[in-house]
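One structure below.
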Amino acid sequence: MIEAARSTWPEVAAHVAATSGVAILPFGALEQHGPQLPLSTDTATAQEVARRLATLLDAVLLPPVHYGETWNNAGYPGTVSLSPGTVTAIAKDIGASLVLSGVRALVIVNGDWGNREPLARAVKELVDEGVIPAIVLDYPGMDAAIDEVRESRPAAPGLNHAEEVETSIMLAIDPSSVHPERYVAEYPVFPPEFGTVPMQLHPFSPSGVFGDPSSATAAKGEYILARTVEASLAALKTFLANLP
């Protein structure tokens with residue numbers, strides 16, 4: 001594995017030439033995660049998964065994109081959101097630029113729900129236009145791993161935000177960034193259409209927490225990360241095998 005941000009251009013060129021030429025891009029967000037977690041939680045998680053994958057695949061680890069489409073959290077100060085079109089454009093521009101460095105495939109590790117649609121569009125256009133083979137990973141295996149270790153009930157089906165799950169992950173990645181003394185549980189009452197139509201989250205939770213972080217542990221976070229990386233490798237198997 002080579003970390004592009006800490007390497008010289010000849011080192012990157014030599015690595016790409018001597019390997020499969022895969023580059024891995026963590027795509028995160030600057031988004032509120034309650035009073036106990038940093039705004040960079042989504043970026044840190046994507047970067048950790050990407051780093052582990054890059055190590056296992058001997059790939060080029062790119063610096064993360066620190067911003068994403070996170071409009072639904074825009075009501076909390078500190079959150080900075082990009083438009084969906086900007087997310088798509090950034091991913092496409094990075095993919096096109098990598099070709100000039102000899103990179104032969106791009107793997108995007110997506111760290112935020114709002115990025116899913118615009119990153120999927122970027123990958124489709126990169127492939128359809130013949131720019132570069134590309135794939136986006138939306139944390140395969142993570143939901144199953146969460147179900148195995150979760151003790152608290154979720155605030156809504158599929159909603160894991162600033163509660164036990166994300167707090168556990170950050171305890172595994174960077175415990176110094178977690179503030180247990182600020183833990184608070186929030187279980188808002190959502191309207192029936194929640195999850196089916198766009199809506200901002202700040203009216204439902206003053207703290208930005210959706211669930212209960214009090215049962216979070218680093219061991220749970222490590223298990224979730226390990227299972228996610230394992231499933232990501234499985235998801236990449238056919239993609240990597242079919243590279244030109």
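Scheme for the structure tokens: letters A, B, ... for chains in order shown; per-chain residue numbers from 1; ligand numbers from 1 in order shown.
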Using 12 Å as the limit and counting only C-alpha atoms, can you tabulate each residue of stretch 53-129 of chain A that touches stretch 148-161 of chain A, with its shortest atom-to-atom distance in Å and the two atoms involved, as CSV?
```
residue,atom,partner,partner_atom,distance
A:Asn73,CA,A:His161,CA,10.8
A:Asp112,CA,A:His161,CA,10.4
A:Trp113,CA,A:Leu159,CA,10.1
```
Could you list, as a compact mmCIF listing (two decimals) with N, CA and C atoms, in the first residue's frame, every residue within 10 Å of stretch 21-26 of chain A, counting only C-alpha atoms and ignoring same-chain residues fewer than 4 positions away?
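Result went into around_2.txt, see below:
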```txt
# COMPACT_ATOMS: atom_id res chain seq x y z
N MET A 1 0.85 -1.19 0.00
CA MET A 1 0.00 0.00 0.00
C MET A 1 0.88 1.24 0.00
N ILE A 2 0.45 2.24 -0.74
CA ILE A 2 1.15 3.52 -0.71
C ILE A 2 0.13 4.61 -0.44
N GLU A 3 0.49 5.52 0.44
CA GLU A 3 -0.39 6.63 0.80
C GLU A 3 -0.01 7.83 -0.05
N ALA A 4 -0.88 8.20 -0.97
CA ALA A 4 -0.54 9.24 -1.95
C ALA A 4 -0.16 10.56 -1.29
N VAL A 12 4.72 7.11 -6.29
CA VAL A 12 3.39 6.70 -6.73
C VAL A 12 3.46 6.06 -8.11
N ALA A 13 4.22 6.65 -9.01
CA ALA A 13 4.35 6.10 -10.36
C ALA A 13 4.92 4.69 -10.33
N ALA A 14 5.94 4.47 -9.50
CA ALA A 14 6.55 3.14 -9.41
C ALA A 14 5.59 2.14 -8.82
N HIS A 15 4.84 2.56 -7.82
CA HIS A 15 3.89 1.64 -7.18
C HIS A 15 2.78 1.23 -8.15
N VAL A 16 2.24 2.21 -8.86
CA VAL A 16 1.17 1.91 -9.82
C VAL A 16 1.67 0.96 -10.90
N ALA A 17 2.89 1.18 -11.37
CA ALA A 17 3.45 0.34 -12.43
C ALA A 17 3.71 -1.09 -11.96
N ASP A 42 -17.91 10.63 9.69
CA ASP A 42 -18.13 9.88 8.44
C ASP A 42 -16.85 9.77 7.62
N THR A 43 -16.07 10.84 7.61
CA THR A 43 -14.81 10.81 6.87
C THR A 43 -13.82 9.86 7.53
N ALA A 44 -13.74 9.90 8.86
CA ALA A 44 -12.82 9.03 9.58
C ALA A 44 -13.15 7.56 9.36
N THR A 45 -14.44 7.24 9.33
CA THR A 45 -14.86 5.85 9.12
C THR A 45 -14.52 5.39 7.71
N ALA A 46 -14.84 6.21 6.72
CA ALA A 46 -14.52 5.85 5.34
C ALA A 46 -13.02 5.72 5.15
N GLN A 47 -12.26 6.60 5.78
CA GLN A 47 -10.81 6.56 5.64
C GLN A 47 -10.24 5.29 6.27
N GLU A 48 -10.78 4.88 7.40
CA GLU A 48 -10.27 3.67 8.05
C GLU A 48 -10.57 2.43 7.21
N VAL A 49 -11.77 2.33 6.69
CA VAL A 49 -12.11 1.19 5.83
C VAL A 49 -11.24 1.22 4.58
N ALA A 50 -11.06 2.39 3.99
CA ALA A 50 -10.24 2.51 2.78
C ALA A 50 -8.78 2.15 3.07
N ARG A 51 -8.27 2.56 4.20
CA ARG A 51 -6.88 2.25 4.56
C ARG A 51 -6.68 0.74 4.69
N LEU A 53 -8.47 -1.62 3.30
CA LEU A 53 -8.58 -2.22 1.97
C LEU A 53 -7.32 -1.98 1.15
N ALA A 54 -6.79 -0.76 1.22
CA ALA A 54 -5.59 -0.44 0.46
C ALA A 54 -4.42 -1.30 0.90
N LEU A 57 -4.98 -4.84 -0.49
CA LEU A 57 -4.94 -4.92 -1.95
C LEU A 57 -3.68 -4.30 -2.54
N ASP A 58 -2.79 -3.81 -1.69
CA ASP A 58 -1.59 -3.12 -2.14
C ASP A 58 -1.94 -2.01 -3.12
N ALA A 59 -2.91 -1.20 -2.74
CA ALA A 59 -3.44 -0.15 -3.61
C ALA A 59 -2.88 1.22 -3.22
N VAL A 60 -3.22 2.20 -4.02
CA VAL A 60 -2.91 3.60 -3.70
C VAL A 60 -4.03 4.16 -2.85
N LEU A 61 -3.70 4.60 -1.64
CA LEU A 61 -4.70 5.22 -0.78
C LEU A 61 -4.69 6.73 -1.03
N LEU A 62 -5.82 7.24 -1.53
CA LEU A 62 -5.94 8.66 -1.80
C LEU A 62 -6.39 9.41 -0.55
N PRO A 63 -6.08 10.72 -0.47
CA PRO A 63 -6.62 11.51 0.65
C PRO A 63 -8.14 11.54 0.58
N PRO A 64 -8.81 11.64 1.70
CA PRO A 64 -10.27 11.62 1.68
C PRO A 64 -10.86 12.93 1.16
N VAL A 65 -12.06 12.83 0.63
CA VAL A 65 -12.89 14.01 0.38
C VAL A 65 -13.65 14.26 1.68
N HIS A 66 -13.45 15.42 2.27
CA HIS A 66 -13.98 15.69 3.60
C HIS A 66 -15.41 16.21 3.62
N ALA A 91 -16.10 13.36 -7.84
CA ALA A 91 -15.70 11.96 -8.04
C ALA A 91 -15.28 11.71 -9.49
N ILE A 94 -11.83 13.36 -10.18
CA ILE A 94 -10.73 12.58 -9.58
C ILE A 94 -10.46 11.34 -10.42
N GLY A 95 -11.52 10.66 -10.84
CA GLY A 95 -11.35 9.47 -11.67
C GLY A 95 -10.62 9.77 -12.96
N LEU A 98 -6.90 10.53 -12.34
CA LEU A 98 -6.08 9.37 -11.98
C LEU A 98 -5.58 8.61 -13.21
N VAL A 99 -6.36 8.65 -14.27
CA VAL A 99 -5.95 7.97 -15.49
C VAL A 99 -4.61 8.52 -15.98
N SER A 101 -2.24 9.43 -14.26
CA SER A 101 -1.16 8.90 -13.41
C SER A 101 -0.92 7.41 -13.64
N GLY A 102 -1.65 6.83 -14.59
CA GLY A 102 -1.48 5.41 -14.87
C GLY A 102 -2.36 4.51 -14.03
N VAL A 103 -3.19 5.09 -13.17
CA VAL A 103 -4.09 4.28 -12.35
C VAL A 103 -5.09 3.57 -13.25
N ARG A 104 -5.36 2.31 -12.97
CA ARG A 104 -6.19 1.50 -13.85
C ARG A 104 -7.58 1.19 -13.32
N ALA A 105 -7.84 1.56 -12.06
CA ALA A 105 -9.18 1.35 -11.51
C ALA A 105 -9.36 2.21 -10.27
N LEU A 106 -10.60 2.64 -10.03
CA LEU A 106 -10.93 3.48 -8.89
C LEU A 106 -11.98 2.80 -8.03
N VAL A 107 -11.67 2.68 -6.74
CA VAL A 107 -12.62 2.17 -5.75
C VAL A 107 -12.96 3.32 -4.81
N ILE A 108 -14.25 3.66 -4.72
CA ILE A 108 -14.69 4.72 -3.82
C ILE A 108 -15.34 4.09 -2.59
N VAL A 109 -14.85 4.43 -1.42
CA VAL A 109 -15.47 4.00 -0.17
C VAL A 109 -16.34 5.15 0.33
N ASN A 110 -17.63 4.96 0.27
CA ASN A 110 -18.58 6.02 0.63
C ASN A 110 -18.90 5.98 2.12
N GLY A 111 -18.74 7.14 2.78
CA GLY A 111 -18.96 7.20 4.22
C GLY A 111 -20.26 7.84 4.65
N PRO A 133 -12.36 2.06 -15.10
CA PRO A 133 -13.20 1.14 -14.34
C PRO A 133 -13.35 1.68 -12.91
N ALA A 134 -14.58 1.71 -12.42
CA ALA A 134 -14.83 2.30 -11.10
C ALA A 134 -15.96 1.56 -10.40
N ILE A 135 -15.92 1.60 -9.07
CA ILE A 135 -16.96 0.98 -8.25
C ILE A 135 -17.08 1.76 -6.96
N VAL A 136 -18.28 1.83 -6.40
CA VAL A 136 -18.48 2.50 -5.12
C VAL A 136 -18.96 1.47 -4.11
N LEU A 137 -18.37 1.51 -2.93
CA LEU A 137 -18.74 0.62 -1.84
C LEU A 137 -19.50 1.40 -0.78
N LEU A 240 -12.24 -6.67 -9.45
CA LEU A 240 -10.79 -6.70 -9.61
C LEU A 240 -10.35 -7.78 -10.60
N LEU A 243 -10.52 -6.56 -14.32
CA LEU A 243 -9.82 -5.35 -14.77
C LEU A 243 -9.00 -5.64 -16.01
```
Exercise for review: Between A:Met142, A:Ala74, A:Ala185, A:Ile224, single out the one closest to A:Met170, counting only C-alpha atoms.
Suggested key: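 Closest residue, counting only C-alpha atoms: A:Ile224.
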Practice item. Find the residue from A:Ser215, A:Ser205, A:Ser176, A:Ser97 that sits nearest to A:Pro188; use only C-alpha atoms when measuring. Key: A:Ser205
Check your understanding: How would you write, as a ChimeraX atom specification, the set of residues in stretch 7-206 of chain A that DSSP gives as helix (DSSP H, G or I)?
Key -> /A:9-18,41-57,71-73,84-99,113-128,142-149,164-173,175-177,180-182
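Using only C-alpha atoms, the smallest distance between any of A:Gly221, A:Gly195, A:Gly114, A:Pro77 and A:Phe27 comes from A:Gly114.
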